[in-house]
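So this block is start.csv, CSV, C-alpha atoms and all ligand atoms:
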```
chain,number,residue,atom,x,y,z
T,28,MET,CA,22.4,-6.3,-23.6
T,29,SER,CA,24.7,-3.9,-22.1
T,30,LEU,CA,23.6,-2.1,-18.9
T,31,ALA,CA,26.3,0.5,-19.3
T,32,GLY,CA,25.3,3.5,-21.3
T,33,VAL,CA,25.6,7.2,-21.6
T,34,LEU,CA,22.5,9.2,-21.0
T,35,THR,CA,22.0,12.9,-21.0
T,36,CYS,CA,19.1,14.0,-18.8
T,37,SER,CA,18.0,13.5,-15.2
T,38,ALA,CA,15.8,10.5,-15.6
T,39,GLU,CA,16.2,8.6,-18.9
T,40,VAL,CA,15.7,5.2,-20.3
T,41,GLU,CA,17.9,2.8,-22.1
T,42,THR,CA,16.3,-0.2,-23.7
T,43,SER,CA,17.8,-3.6,-24.0
T,44,ASP,CA,17.7,-6.7,-26.3
T,45,PHE,CA,15.0,-8.0,-24.0
T,46,ASP,CA,12.1,-5.8,-25.1
T,47,ASP,CA,10.6,-5.3,-21.7
T,48,ILE,CA,13.8,-4.8,-19.7
T,49,LYS,CA,15.0,-1.2,-19.4
T,50,LEU,CA,17.6,0.7,-17.6
T,51,TYR,CA,16.9,4.2,-16.1
T,52,THR,CA,19.5,6.7,-15.1
T,53,LEU,CA,18.8,9.2,-12.3
T,54,ARG,CA,21.2,12.1,-12.1
T,55,ASN,CA,21.4,15.2,-9.9
T,56,LYS,CA,23.3,18.5,-10.0
T,57,ALA,CA,26.1,17.1,-7.8
T,58,GLY,CA,26.8,14.6,-10.7
T,59,THR,CA,25.7,11.6,-8.6
T,60,THR,CA,24.1,9.0,-10.9
T,61,VAL,CA,22.0,6.0,-9.9
T,62,LYS,CA,20.9,3.4,-12.4
T,63,VAL,CA,18.0,1.2,-11.9
T,64,THR,CA,16.5,-1.6,-14.0
T,65,ASN,CA,13.0,-3.0,-14.0
T,66,TYR,CA,14.5,-6.5,-13.8
T,67,GLY,CA,14.2,-7.1,-10.1
T,68,ALA,CA,13.7,-3.3,-9.6
T,69,THR,CA,17.4,-3.5,-9.2
T,70,VAL,CA,20.0,-0.7,-8.5
T,71,THR,CA,22.8,-1.5,-10.9
T,72,SER,CA,25.1,1.4,-10.2
T,73,MET,CA,25.6,4.4,-7.9
T,74,VAL,CA,28.3,6.8,-9.0
T,75,THR,CA,29.3,9.3,-6.3
T,76,ALA,CA,32.1,11.7,-5.7
T,77,ASP,CA,35.0,11.2,-3.3
T,78,ARG,CA,36.4,14.1,-1.2
T,79,GLN,CA,38.5,15.2,-4.2
T,80,GLY,CA,35.5,15.1,-6.5
T,81,ASN,CA,36.6,12.0,-8.3
T,82,MET,CA,33.6,9.8,-9.2
T,83,ALA,CA,33.4,6.0,-8.6
T,84,ASP,CA,30.7,3.4,-8.7
T,85,ILE,CA,30.1,2.3,-5.2
T,86,ALA,CA,27.5,-0.4,-5.9
T,87,LEU,CA,28.4,-3.9,-6.9
T,88,GLY,CA,26.6,-5.2,-10.1
T,89,TYR,CA,26.8,-7.0,-13.4
T,90,ASN,CA,27.1,-5.2,-16.7
T,91,ASP,CA,24.4,-7.1,-18.5
T,92,VAL,CA,21.0,-8.4,-17.7
T,93,SER,CA,22.0,-12.0,-18.1
T,94,GLY,CA,24.4,-11.5,-15.2
T,95,TYR,CA,21.4,-10.8,-13.0
T,96,MET,CA,19.3,-13.6,-14.6
T,97,ASN,CA,21.9,-16.3,-14.3
T,98,ALA,CA,23.4,-15.4,-10.9
T,99,VAL,CA,24.1,-19.0,-9.8
T,100,ASP,CA,25.3,-18.1,-6.4
T,101,LYS,CA,22.3,-15.7,-5.9
T,102,PRO,CA,24.0,-12.7,-4.2
T,103,TYR,CA,20.9,-10.5,-5.0
T,104,LEU,CA,23.1,-7.7,-6.1
T,105,GLY,CA,21.2,-4.4,-5.8
T,106,ALA,CA,17.7,-6.1,-6.0
T,107,ILE,CA,14.5,-5.5,-4.3
T,108,VAL,CA,13.9,-8.6,-2.3
T,109,GLY,CA,10.5,-9.9,-1.2
T,110,ARG,CA,7.7,-10.8,-0.7
T,111,TYR,CA,9.6,-11.5,2.6
T,112,GLY,CA,13.2,-10.3,2.8
T,113,ASN,CA,15.5,-12.7,4.7
T,114,ARG,CA,14.5,-16.0,6.2
T,115,ILE,CA,11.3,-17.7,7.2
T,116,ALA,CA,12.0,-20.9,9.2
T,117,LYS,CA,11.2,-24.1,7.1
T,118,GLY,CA,9.1,-21.8,4.8
T,119,GLU,CA,6.2,-22.3,7.2
T,120,PHE,CA,3.8,-20.0,9.0
T,121,ASN,CA,0.2,-19.9,10.2
T,122,ILE,CA,-2.3,-17.1,9.8
T,123,ASP,CA,-5.8,-17.5,11.4
T,124,GLY,CA,-5.4,-21.3,11.8
T,125,ILE,CA,-4.3,-21.8,8.2
T,126,ASP,CA,-0.9,-23.4,7.6
T,127,TYR,CA,1.1,-22.0,4.6
T,128,LYS,CA,4.0,-23.6,3.0
T,129,LEU,CA,6.5,-21.5,1.0
T,130,ALA,CA,9.1,-22.5,-1.4
T,131,THR,CA,12.3,-23.4,0.4
T,132,ASN,CA,15.5,-22.2,-1.3
T,133,ASN,CA,18.0,-21.9,1.6
T,134,ASP,CA,18.5,-25.5,2.9
T,135,ALA,CA,15.2,-26.1,4.7
T,136,ASN,CA,14.4,-22.4,5.0
T,137,HIS,CA,12.7,-19.8,2.8
T,138,LEU,CA,15.0,-16.9,1.8
T,139,HIS,CA,14.3,-13.5,0.1
T,140,GLY,CA,10.9,-14.5,-1.3
T,141,GLY,CA,11.8,-18.0,-2.6
T,142,VAL,CA,13.0,-19.5,-5.9
T,143,ILE,CA,11.6,-16.7,-8.1
T,144,GLY,CA,11.5,-13.8,-5.7
T,145,PHE,CA,10.9,-10.1,-6.6
T,146,ASP,CA,14.6,-9.9,-7.7
T,147,LYS,CA,13.9,-12.3,-10.6
T,148,VAL,CA,10.8,-10.8,-12.1
T,149,VAL,CA,10.3,-7.9,-14.6
T,150,TRP,CA,8.5,-5.0,-13.0
T,151,ASP,CA,6.4,-2.3,-14.8
T,152,ALA,CA,8.2,1.0,-14.8
T,153,LYS,CA,7.3,4.6,-15.1
T,154,VAL,CA,9.5,7.8,-15.0
T,155,VAL,CA,7.9,10.2,-12.5
T,156,GLY,CA,9.0,13.8,-12.8
T,157,SER,CA,12.7,14.4,-13.5
T,158,ASN,CA,14.2,12.4,-10.7
T,159,SER,CA,12.1,9.3,-9.9
T,160,VAL,CA,11.4,6.0,-11.3
T,161,ALA,CA,8.4,4.0,-10.0
T,162,PHE,CA,8.3,0.3,-10.4
T,163,HIS,CA,5.2,-1.8,-10.0
T,164,TYR,CA,4.6,-5.5,-9.6
T,165,LEU,CA,1.6,-7.7,-8.9
T,166,ALA,CA,2.6,-10.8,-7.0
T,167,LYS,CA,-0.1,-13.4,-7.6
T,168,ASP,CA,-2.0,-15.2,-4.9
T,169,GLY,CA,0.0,-18.5,-4.3
T,170,GLU,CA,3.2,-17.2,-5.9
T,171,GLU,CA,6.1,-19.0,-4.0
T,172,GLY,CA,3.4,-20.2,-1.6
T,173,TYR,CA,2.3,-16.8,-0.3
T,174,PRO,CA,-1.4,-16.0,0.2
T,175,GLY,CA,-3.0,-13.0,-1.5
T,176,ASN,CA,-2.5,-10.9,-4.6
T,177,LEU,CA,0.1,-8.3,-3.4
T,178,ASP,CA,0.2,-5.1,-5.4
T,179,ILE,CA,3.6,-3.5,-4.9
T,180,ASN,CA,5.1,-0.1,-5.8
T,181,VAL,CA,8.7,0.7,-5.2
T,182,THR,CA,9.8,4.2,-6.2
T,183,TYR,CA,13.5,5.3,-6.4
T,184,THR,CA,14.1,9.1,-6.1
T,185,LEU,CA,17.5,10.8,-6.4
T,186,THR,CA,17.3,14.1,-4.6
T,187,GLU,CA,19.4,17.3,-4.9
T,188,ALA,CA,20.4,16.7,-1.3
T,189,ASN,CA,22.3,13.6,-2.6
T,190,GLU,CA,20.0,11.0,-1.2
T,191,LEU,CA,18.6,7.9,-2.8
T,192,LYS,CA,15.1,7.6,-1.4
T,193,ILE,CA,13.2,4.3,-1.7
T,194,ASP,CA,9.5,4.4,-1.1
T,195,TYR,CA,7.7,1.1,-0.7
T,196,LEU,CA,3.9,0.7,-0.9
T,197,ALA,CA,1.9,-2.5,-1.0
T,198,THR,CA,-1.7,-3.7,-0.6
T,199,THR,CA,-3.2,-7.2,-0.5
T,200,ASP,CA,-6.5,-9.0,-0.9
T,201,LYS,CA,-5.6,-11.7,1.8
T,202,LYS,CA,-3.6,-11.5,5.0
T,203,THR,CA,0.0,-12.1,4.0
T,204,PRO,CA,3.5,-11.4,5.4
T,205,VAL,CA,5.4,-8.6,3.7
T,206,ASN,CA,8.9,-7.4,4.3
T,207,LEU,CA,10.6,-5.6,1.4
T,208,THR,CA,14.1,-4.3,1.3
T,209,ASN,CA,16.9,-3.4,-1.1
T,210,HIS,CA,20.0,-5.6,-1.4
T,211,THR,CA,22.6,-3.2,-2.7
T,212,TYR,CA,26.2,-4.2,-1.9
T,213,PHE,CA,28.3,-1.1,-1.1
T,214,ASN,CA,32.0,-0.6,-1.3
T,215,LEU,CA,32.8,3.1,-0.8
T,216,LYS,CA,36.2,2.7,-2.4
T,217,GLY,CA,34.4,1.6,-5.6
T,218,GLU,CA,33.1,-1.7,-6.8
T,219,GLY,CA,35.8,-4.2,-7.2
T,220,GLU,CA,38.3,-2.2,-5.1
T,221,GLY,CA,39.0,-4.9,-2.5
T,222,SER,CA,37.4,-5.8,0.8
T,223,ILE,CA,35.2,-3.6,3.0
T,224,LEU,CA,36.8,-4.7,6.3
T,225,ASP,CA,38.4,-1.3,6.7
T,226,HIS,CA,35.1,0.6,6.3
T,227,GLN,CA,33.9,2.3,9.6
T,228,LEU,CA,30.4,1.3,10.4
T,229,MET,CA,28.0,2.7,13.0
T,230,ILE,CA,24.7,0.9,13.7
T,231,ASN,CA,22.2,2.8,15.8
T,232,ALA,CA,21.1,-0.2,17.8
T,233,LYS,CA,21.6,-1.4,21.3
T,234,GLY,CA,20.5,-5.0,20.5
T,235,PHE,CA,20.5,-7.6,17.8
T,236,THR,CA,18.5,-10.8,17.1
T,237,PRO,CA,20.8,-13.8,17.6
T,238,VAL,CA,20.3,-16.8,15.3
T,239,ASP,CA,20.7,-20.5,15.2
T,240,SER,CA,23.1,-22.3,12.8
T,241,GLY,CA,20.5,-21.9,10.0
T,242,LEU,CA,20.5,-18.1,10.5
T,243,ILE,CA,16.9,-18.3,12.0
T,244,PRO,CA,16.4,-15.9,15.0
T,245,THR,CA,16.1,-17.6,18.3
T,246,GLY,CA,13.5,-15.0,19.3
T,247,GLU,CA,15.7,-13.3,21.8
T,248,ILE,CA,17.0,-9.7,21.6
T,249,THR,CA,20.6,-9.6,22.9
T,250,PRO,CA,22.4,-6.4,24.0
T,251,VAL,CA,25.3,-5.6,21.7
T,252,SER,CA,27.3,-4.1,24.5
T,253,GLY,CA,30.6,-6.0,25.2
T,254,THR,CA,30.2,-8.2,22.0
T,255,PRO,CA,31.6,-7.9,18.5
T,256,PHE,CA,28.1,-6.8,17.5
T,257,ASP,CA,28.5,-3.4,19.2
T,258,PHE,CA,28.6,-0.8,16.4
T,259,THR,CA,27.0,1.9,18.6
T,260,SER,CA,30.2,3.9,18.0
T,261,ALA,CA,31.7,3.7,14.5
T,262,LYS,CA,34.4,1.0,14.2
T,263,ALA,CA,36.2,-0.8,11.4
T,264,ILE,CA,34.1,-3.8,10.3
T,265,GLY,CA,37.2,-6.0,10.5
T,266,ARG,CA,38.1,-5.0,14.0
T,267,ASP,CA,36.2,-7.7,15.9
T,268,ILE,CA,35.1,-10.0,13.1
T,269,GLY,CA,37.8,-12.5,13.9
T,270,GLU,CA,36.8,-12.9,17.6
T,271,LYS,CA,35.8,-16.3,18.8
T,272,ASN,CA,32.0,-15.9,19.0
T,273,GLN,CA,29.3,-18.4,18.2
T,274,GLN,CA,27.1,-15.8,16.4
T,275,LEU,CA,30.0,-14.9,14.1
T,276,GLU,CA,30.6,-18.6,13.4
T,277,TYR,CA,26.9,-19.1,12.5
T,278,GLY,CA,26.9,-16.0,10.3
T,279,LEU,CA,30.4,-16.7,8.8
T,280,GLY,CA,30.9,-13.1,9.9
T,281,TYR,CA,28.3,-10.5,10.3
T,282,ASP,CA,24.9,-11.5,8.8
T,283,HIS,CA,22.5,-10.5,11.5
T,284,ASN,CA,19.5,-8.2,12.2
T,285,TRP,CA,20.1,-5.3,14.5
T,286,VAL,CA,17.2,-3.9,16.5
T,287,LEU,CA,17.2,-0.2,15.7
T,288,ASN,CA,16.9,2.5,18.4
T,289,LYS,CA,13.8,4.4,17.6
T,290,GLY,CA,12.3,7.6,18.9
T,291,GLU,CA,8.9,7.9,20.5
T,292,LYS,CA,7.0,6.9,17.4
T,293,ASP,CA,8.2,3.6,16.0
T,294,GLU,CA,7.5,4.2,12.4
T,295,GLN,CA,9.5,7.4,11.9
T,296,LEU,CA,12.4,8.0,9.6
T,297,THR,CA,15.5,7.7,11.9
T,298,LEU,CA,19.2,7.2,11.5
T,299,ALA,CA,19.9,3.5,11.3
T,300,ALA,CA,23.6,3.4,10.2
T,301,THR,CA,26.6,5.4,8.9
T,302,LEU,CA,29.4,4.1,6.8
T,303,TYR,CA,32.7,5.8,6.2
T,304,GLU,CA,35.7,5.0,4.1
T,305,GLN,CA,38.8,6.9,4.9
T,306,SER,CA,40.9,6.9,1.7
T,307,SER,CA,38.0,8.2,-0.4
T,308,GLY,CA,36.3,10.2,2.3
T,309,ARG,CA,33.0,8.8,1.2
T,310,PHE,CA,30.4,8.9,3.9
T,311,MET,CA,26.9,7.3,3.7
T,312,GLU,CA,24.0,7.6,6.2
T,313,VAL,CA,21.1,5.3,6.2
T,314,PHE,CA,17.7,6.4,7.5
T,315,THR,CA,14.7,4.2,7.7
T,316,GLU,CA,11.2,3.8,9.1
T,317,GLU,CA,11.8,0.1,9.6
T,318,PRO,CA,12.5,-1.4,13.0
T,319,GLY,CA,15.6,-3.4,11.9
T,320,ILE,CA,18.6,-3.6,9.7
T,321,GLN,CA,20.4,-6.7,8.3
T,322,PHE,CA,24.1,-6.0,8.2
T,323,TYR,CA,25.6,-8.6,5.9
T,324,CYS,CA,29.3,-8.2,5.1
T,325,GLY,CA,29.5,-10.2,1.9
T,326,ASN,CA,30.6,-13.4,3.6
T,327,PHE,CA,29.3,-15.5,0.6
T,328,LEU,CA,31.2,-13.5,-2.0
T,329,ALA,CA,33.9,-16.0,-2.8
T,330,GLY,CA,36.1,-14.2,-5.3
T,331,ASN,CA,34.4,-16.1,-8.3
T,332,LEU,CA,32.2,-13.2,-9.4
T,333,LYS,CA,33.4,-10.7,-12.0
T,334,GLY,CA,31.7,-7.4,-11.6
T,335,LYS,CA,30.6,-4.9,-14.2
T,336,SER,CA,34.0,-3.4,-14.8
T,337,GLY,CA,35.7,-6.8,-15.0
T,338,LYS,CA,37.1,-6.7,-11.5
T,339,THR,CA,36.6,-9.6,-9.2
T,340,TYR,CA,34.5,-9.2,-6.2
T,341,VAL,CA,36.6,-10.7,-3.4
T,342,HIS,CA,35.4,-12.2,-0.2
T,343,ARG,CA,33.7,-9.4,1.7
T,344,GLY,CA,34.2,-7.1,-1.3
T,345,GLY,CA,30.8,-5.4,-0.5
T,346,LEU,CA,28.4,-5.0,2.4
T,347,CYS,CA,24.6,-4.7,2.6
T,348,LEU,CA,22.6,-2.6,4.9
T,349,GLU,CA,19.1,-4.0,4.4
T,350,THR,CA,16.5,-2.1,6.3
T,351,GLN,CA,13.7,-4.5,7.3
T,352,HIS,CA,11.4,-6.1,9.8
T,353,TYR,CA,13.2,-8.9,11.7
T,354,PRO,CA,13.7,-12.3,10.0
T,355,ASP,CA,11.2,-15.0,10.6
T,356,SER,CA,8.7,-12.5,12.2
T,357,PRO,CA,5.7,-14.6,11.0
T,358,ASN,CA,6.8,-17.3,13.5
T,359,GLN,CA,8.0,-15.0,16.3
T,360,SER,CA,5.1,-13.5,18.3
T,361,THR,CA,7.3,-11.1,20.2
T,362,PHE,CA,8.7,-9.4,17.0
T,363,PRO,CA,7.0,-6.5,15.4
T,364,ASN,CA,4.1,-7.6,13.2
T,365,THR,CA,4.7,-8.3,9.5
T,366,ILE,CA,1.2,-9.4,8.5
T,367,LEU,CA,-0.5,-7.1,6.1
T,368,ASN,CA,-4.3,-7.1,6.1
T,369,PRO,CA,-6.6,-6.4,3.2
T,370,GLY,CA,-7.6,-2.7,3.3
T,371,GLU,CA,-4.3,-1.7,5.0
T,372,LYS,CA,-1.3,-0.1,3.4
T,373,TYR,CA,2.2,-1.4,3.7
T,374,LYS,CA,4.1,1.9,3.5
T,375,THR,CA,7.7,2.5,4.4
T,376,THR,CA,10.7,4.6,3.3
T,377,THR,CA,14.5,4.2,3.4
T,378,VAL,CA,17.0,6.8,2.5
T,379,TYR,CA,20.7,6.4,1.6
T,380,LYS,CA,22.5,9.8,1.8
T,381,PHE,CA,25.9,10.3,0.3
T,382,SER,CA,28.5,12.9,1.3
T,383,THR,CA,32.2,13.1,2.1
T,384,LYS,CA,34.3,13.9,5.1
T,401,LIG,C1,21.1,-11.9,3.1
T,401,LIG,C2,21.3,-13.0,4.0
T,401,LIG,C3,22.6,-13.7,3.7
T,401,LIG,C4,22.7,-14.1,2.3
T,401,LIG,C5,22.6,-12.8,1.4
T,401,LIG,C6,22.6,-13.1,0.0
T,401,LIG,O1,21.8,-10.8,3.5
T,401,LIG,O2,21.1,-12.7,5.3
T,401,LIG,O3,22.7,-14.8,4.6
T,401,LIG,O4,21.8,-15.0,1.9
T,401,LIG,O5,21.4,-12.2,1.7
T,401,LIG,O6,23.8,-13.8,-0.4
```
Is it possible to express this structure as structure tokens?
Amino acid sequence: MSLAGVLTCSAEVETSDFDDIKLYTLRNKAGTTVKVTNYGATVTSMVTADRQGNMADIALGYNDVSGYMNAVDKPYLGAIVGRYGNRIAKGEFNIDGIDYKLATNNDANHLHGGVIGFDKVVWDAKVVGSNSVAFHYLAKDGEEGYPGNLDINVTYTLTEANELKIDYLATTDKKTPVNLTNHTYFNLKGEGEGSILDHQLMINAKGFTPVDSGLIPTGEITPVSGTPFDFTSAKAIGRDIGEKNQQLEYGLGYDHNWVLNKGEKDEQLTLAATLYEQSSGRFMEVFTEEPGIQFYCGNFLAGNLKGKSGKTYVHRGGLCLETQHYPDSPNQSTFPNTILNPGEKYKTTTVYKFSTK
């Protein structure tokens, strides 16, 4: 089925050859459109204006559902990842004396929810009002090795303030780790328009969590100051990426979790990052209630993936800003807690705000 399509109102639905897979278009008065599908609760497109008012799609994606289903190299384009975004060492953790063993799909480790994570399942969907789509999925007790039935709602809202707001809500019937995020790859020049190394990135973080060669955090929090990981003032992503640095070697570039500066209350919506691309003037701000952000600069894009408009996604042709709890938290007692208890609500919001300069 084609995931391209012309729709007329704010929130509309396009059906596909696969009966239960649908594409929804959110549109605001500024002309920004965001398309989301219930396959993986995935953002397939984000069309925004440049400083001249020309529109371009700034999110990488495929143009049909089979692209998402058969993604051999598993880049997770635009998807919601979970039950636990990023890695859990050896796919193992212990809660209340019980050892759990998850599916391992990243060498010896568990990545982005396992073999069939939330990016590979069909969610229920409901249009809410004129500018929101709410996706729902019930992850079964034992799915990919996780304990507990996890009931998840992810709602995408496109506001008139030109923000894409993502609200996450989950409940469980057994203690379980939860860490949900969105894996959109941005290229503010437009998808398929070359590398992102010239984008100017600011990350509002004084520290990051260094990793071992398998990209599992060592448990430390290292100050970014004086390292290539210092994005406290906006700088080109490519500026320091070639420096000799063991962390950059392990990540094959940037693929790390930054520890966000937070205000007095940990779980408030604060500025996590800004991204600017000079030729288009596109500027994006990321706000989140989460304590961390995974900045991944598309190191595994190898130039063998053709995107939705037929253009090749080159090495580092898109970057992800994945708001999250820190990787491997279930095994790291000093990291913020990621275990959800029955009776509690996992509730968190992230906002991507688009403008130009
Ligand atoms: C995350 C990980 C990366 C990589 C991508 C998907 O951002 O941190 O190492 O697995 O997802 O390709």
Taking only C-alpha atoms and all ligand atoms and a cut-off of 7 Å, can you tell me which residues surround ligand LIG 401 (chain T), written as a PyMOL selection string?
chain T and resi 101-103+113+282-283+321+323+327+347
Keeping only C-alpha atoms, write the selected residues as a short mmCIF file (atom, residue, chain, number, x, y, z; two decimals), keeping the file's coordinate frame.
```cif
data_model
loop_
_atom_site.label_atom_id
_atom_site.label_comp_id
_atom_site.auth_asym_id
_atom_site.auth_seq_id
_atom_site.Cartn_x
_atom_site.Cartn_y
_atom_site.Cartn_z
CA LYS T 101 22.30 -15.70 -5.90
CA PRO T 102 24.00 -12.70 -4.20
CA TYR T 103 20.90 -10.50 -5.00
CA ASN T 113 15.50 -12.70 4.70
CA ASP T 282 24.90 -11.50 8.80
CA HIS T 283 22.50 -10.50 11.50
CA GLN T 321 20.40 -6.70 8.30
CA TYR T 323 25.60 -8.60 5.90
CA PHE T 327 29.30 -15.50 0.60
CA CYS T 347 24.60 -4.70 2.60
#
```
Using all atoms listed in the file, which residue out of T:Thr186, T:Thr69, T:Asn176, T:Asn136 lies closest to Leu53 of chain T?
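Nearest to Leu53 of chain T: T:Thr186.
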For Cys324 of chain T, the nearest of the candidates T:Ser157, T:Thr377, T:Thr211, T:Asn364, counting all atoms listed in the file
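Ranking T:Ser157, T:Thr377, T:Thr211, T:Asn364 by distance to Cys324 of chain T, first place goes to T:Thr211.
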If we count only C-alpha atoms and set the cut-off at 8 Å, which residues sit around His163 of chain T, ignoring sequence neighbours fewer than 3 positions away in its own chain? Please answer as a list in words.
Trp150, Asp151, Ala152, Asp178, Ile179, Asn180 and Val181 of chain T
Point-to-point distance in Å for atom CA of Asn284 of chain T and atom CA of Asn132 of chain T:
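Interatomic distance here is 19.9 Å.
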Record the distance separating atom CA of Lys372 of chain T and atom CA of Ile122 of chain T, expressed in Å with one decimal.
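Those two atoms sit 18.2 Å apart.
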Near segment 57-64 of chain T, counting all atoms listed in the file, which residues have an atom at most 8 Å away, once you skip same-chain residues fewer than 5 positions from it, shown as an MDAnalysis selection string?
chainID T and resid 48:52 69:76 185 187 189
List the neighbours of Val160 of chain T out to 8 Å using only C-alpha atoms; skip same-chain residues closer than 4 positions along the sequence, and give me the result as an mmCIF file with C-alpha atoms, in the coordinates of the input.
```cif
data_model
loop_
_atom_site.group_PDB
_atom_site.id
_atom_site.type_symbol
_atom_site.label_atom_id
_atom_site.label_comp_id
_atom_site.auth_asym_id
_atom_site.auth_seq_id
_atom_site.Cartn_x
_atom_site.Cartn_y
_atom_site.Cartn_z
ATOM 1 C CA ALA T 38 15.800 10.500 -15.600
ATOM 2 C CA TYR T 51 16.900 4.200 -16.100
ATOM 3 C CA ALA T 152 8.200 1.000 -14.800
ATOM 4 C CA LYS T 153 7.300 4.600 -15.100
ATOM 5 C CA VAL T 154 9.500 7.800 -15.000
ATOM 6 C CA VAL T 155 7.900 10.200 -12.500
ATOM 7 C CA THR T 182 9.800 4.200 -6.200
ATOM 8 C CA TYR T 183 13.500 5.300 -6.400
ATOM 9 C CA THR T 184 14.100 9.100 -6.100
#
```
Need to verify the contact set: Thr131 of chain T, 7 Å, all atoms listed in the file, exclusion of same-chain residues closer than 5 positions in sequence. Can you return it as a ChimeraX atom specification?
/T:117-118,136-137,141
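The coordinates place atom CA of Ala300 of chain T at 28.1 Å from atom CA of Lys333 of chain T.
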Please, which residues are within 12 Å of (-6.8, -19.4, 8.9) by the file's coordinates, counting all atoms listed in the file, and could they come as a PyMOL selection string?
chain T and resi 120-127+174+201-203
Counting only C-alpha atoms, which residues sit no farther than 10 Å from the position (27.7, -6.6, -15.2) in the file's frame? I'd like them as a PDB file with C-alpha atoms, in the coordinates of the input.
```
ATOM      1  CA  MET T  28      22.400  -6.300 -23.600  1.00  0.00           C
ATOM      2  CA  SER T  29      24.700  -3.900 -22.100  1.00  0.00           C
ATOM      3  CA  LEU T  30      23.600  -2.100 -18.900  1.00  0.00           C
ATOM      4  CA  ALA T  31      26.300   0.500 -19.300  1.00  0.00           C
ATOM      5  CA  THR T  71      22.800  -1.500 -10.900  1.00  0.00           C
ATOM      6  CA  SER T  72      25.100   1.400 -10.200  1.00  0.00           C
ATOM      7  CA  LEU T  87      28.400  -3.900  -6.900  1.00  0.00           C
ATOM      8  CA  GLY T  88      26.600  -5.200 -10.100  1.00  0.00           C
ATOM      9  CA  TYR T  89      26.800  -7.000 -13.400  1.00  0.00           C
ATOM     10  CA  ASN T  90      27.100  -5.200 -16.700  1.00  0.00           C
ATOM     11  CA  ASP T  91      24.400  -7.100 -18.500  1.00  0.00           C
ATOM     12  CA  VAL T  92      21.000  -8.400 -17.700  1.00  0.00           C
ATOM     13  CA  SER T  93      22.000 -12.000 -18.100  1.00  0.00           C
ATOM     14  CA  GLY T  94      24.400 -11.500 -15.200  1.00  0.00           C
ATOM     15  CA  TYR T  95      21.400 -10.800 -13.000  1.00  0.00           C
ATOM     16  CA  LEU T 332      32.200 -13.200  -9.400  1.00  0.00           C
ATOM     17  CA  LYS T 333      33.400 -10.700 -12.000  1.00  0.00           C
ATOM     18  CA  GLY T 334      31.700  -7.400 -11.600  1.00  0.00           C
ATOM     19  CA  LYS T 335      30.600  -4.900 -14.200  1.00  0.00           C
ATOM     20  CA  SER T 336      34.000  -3.400 -14.800  1.00  0.00           C
ATOM     21  CA  GLY T 337      35.700  -6.800 -15.000  1.00  0.00           C
TER      22      GLY T 337
END
```
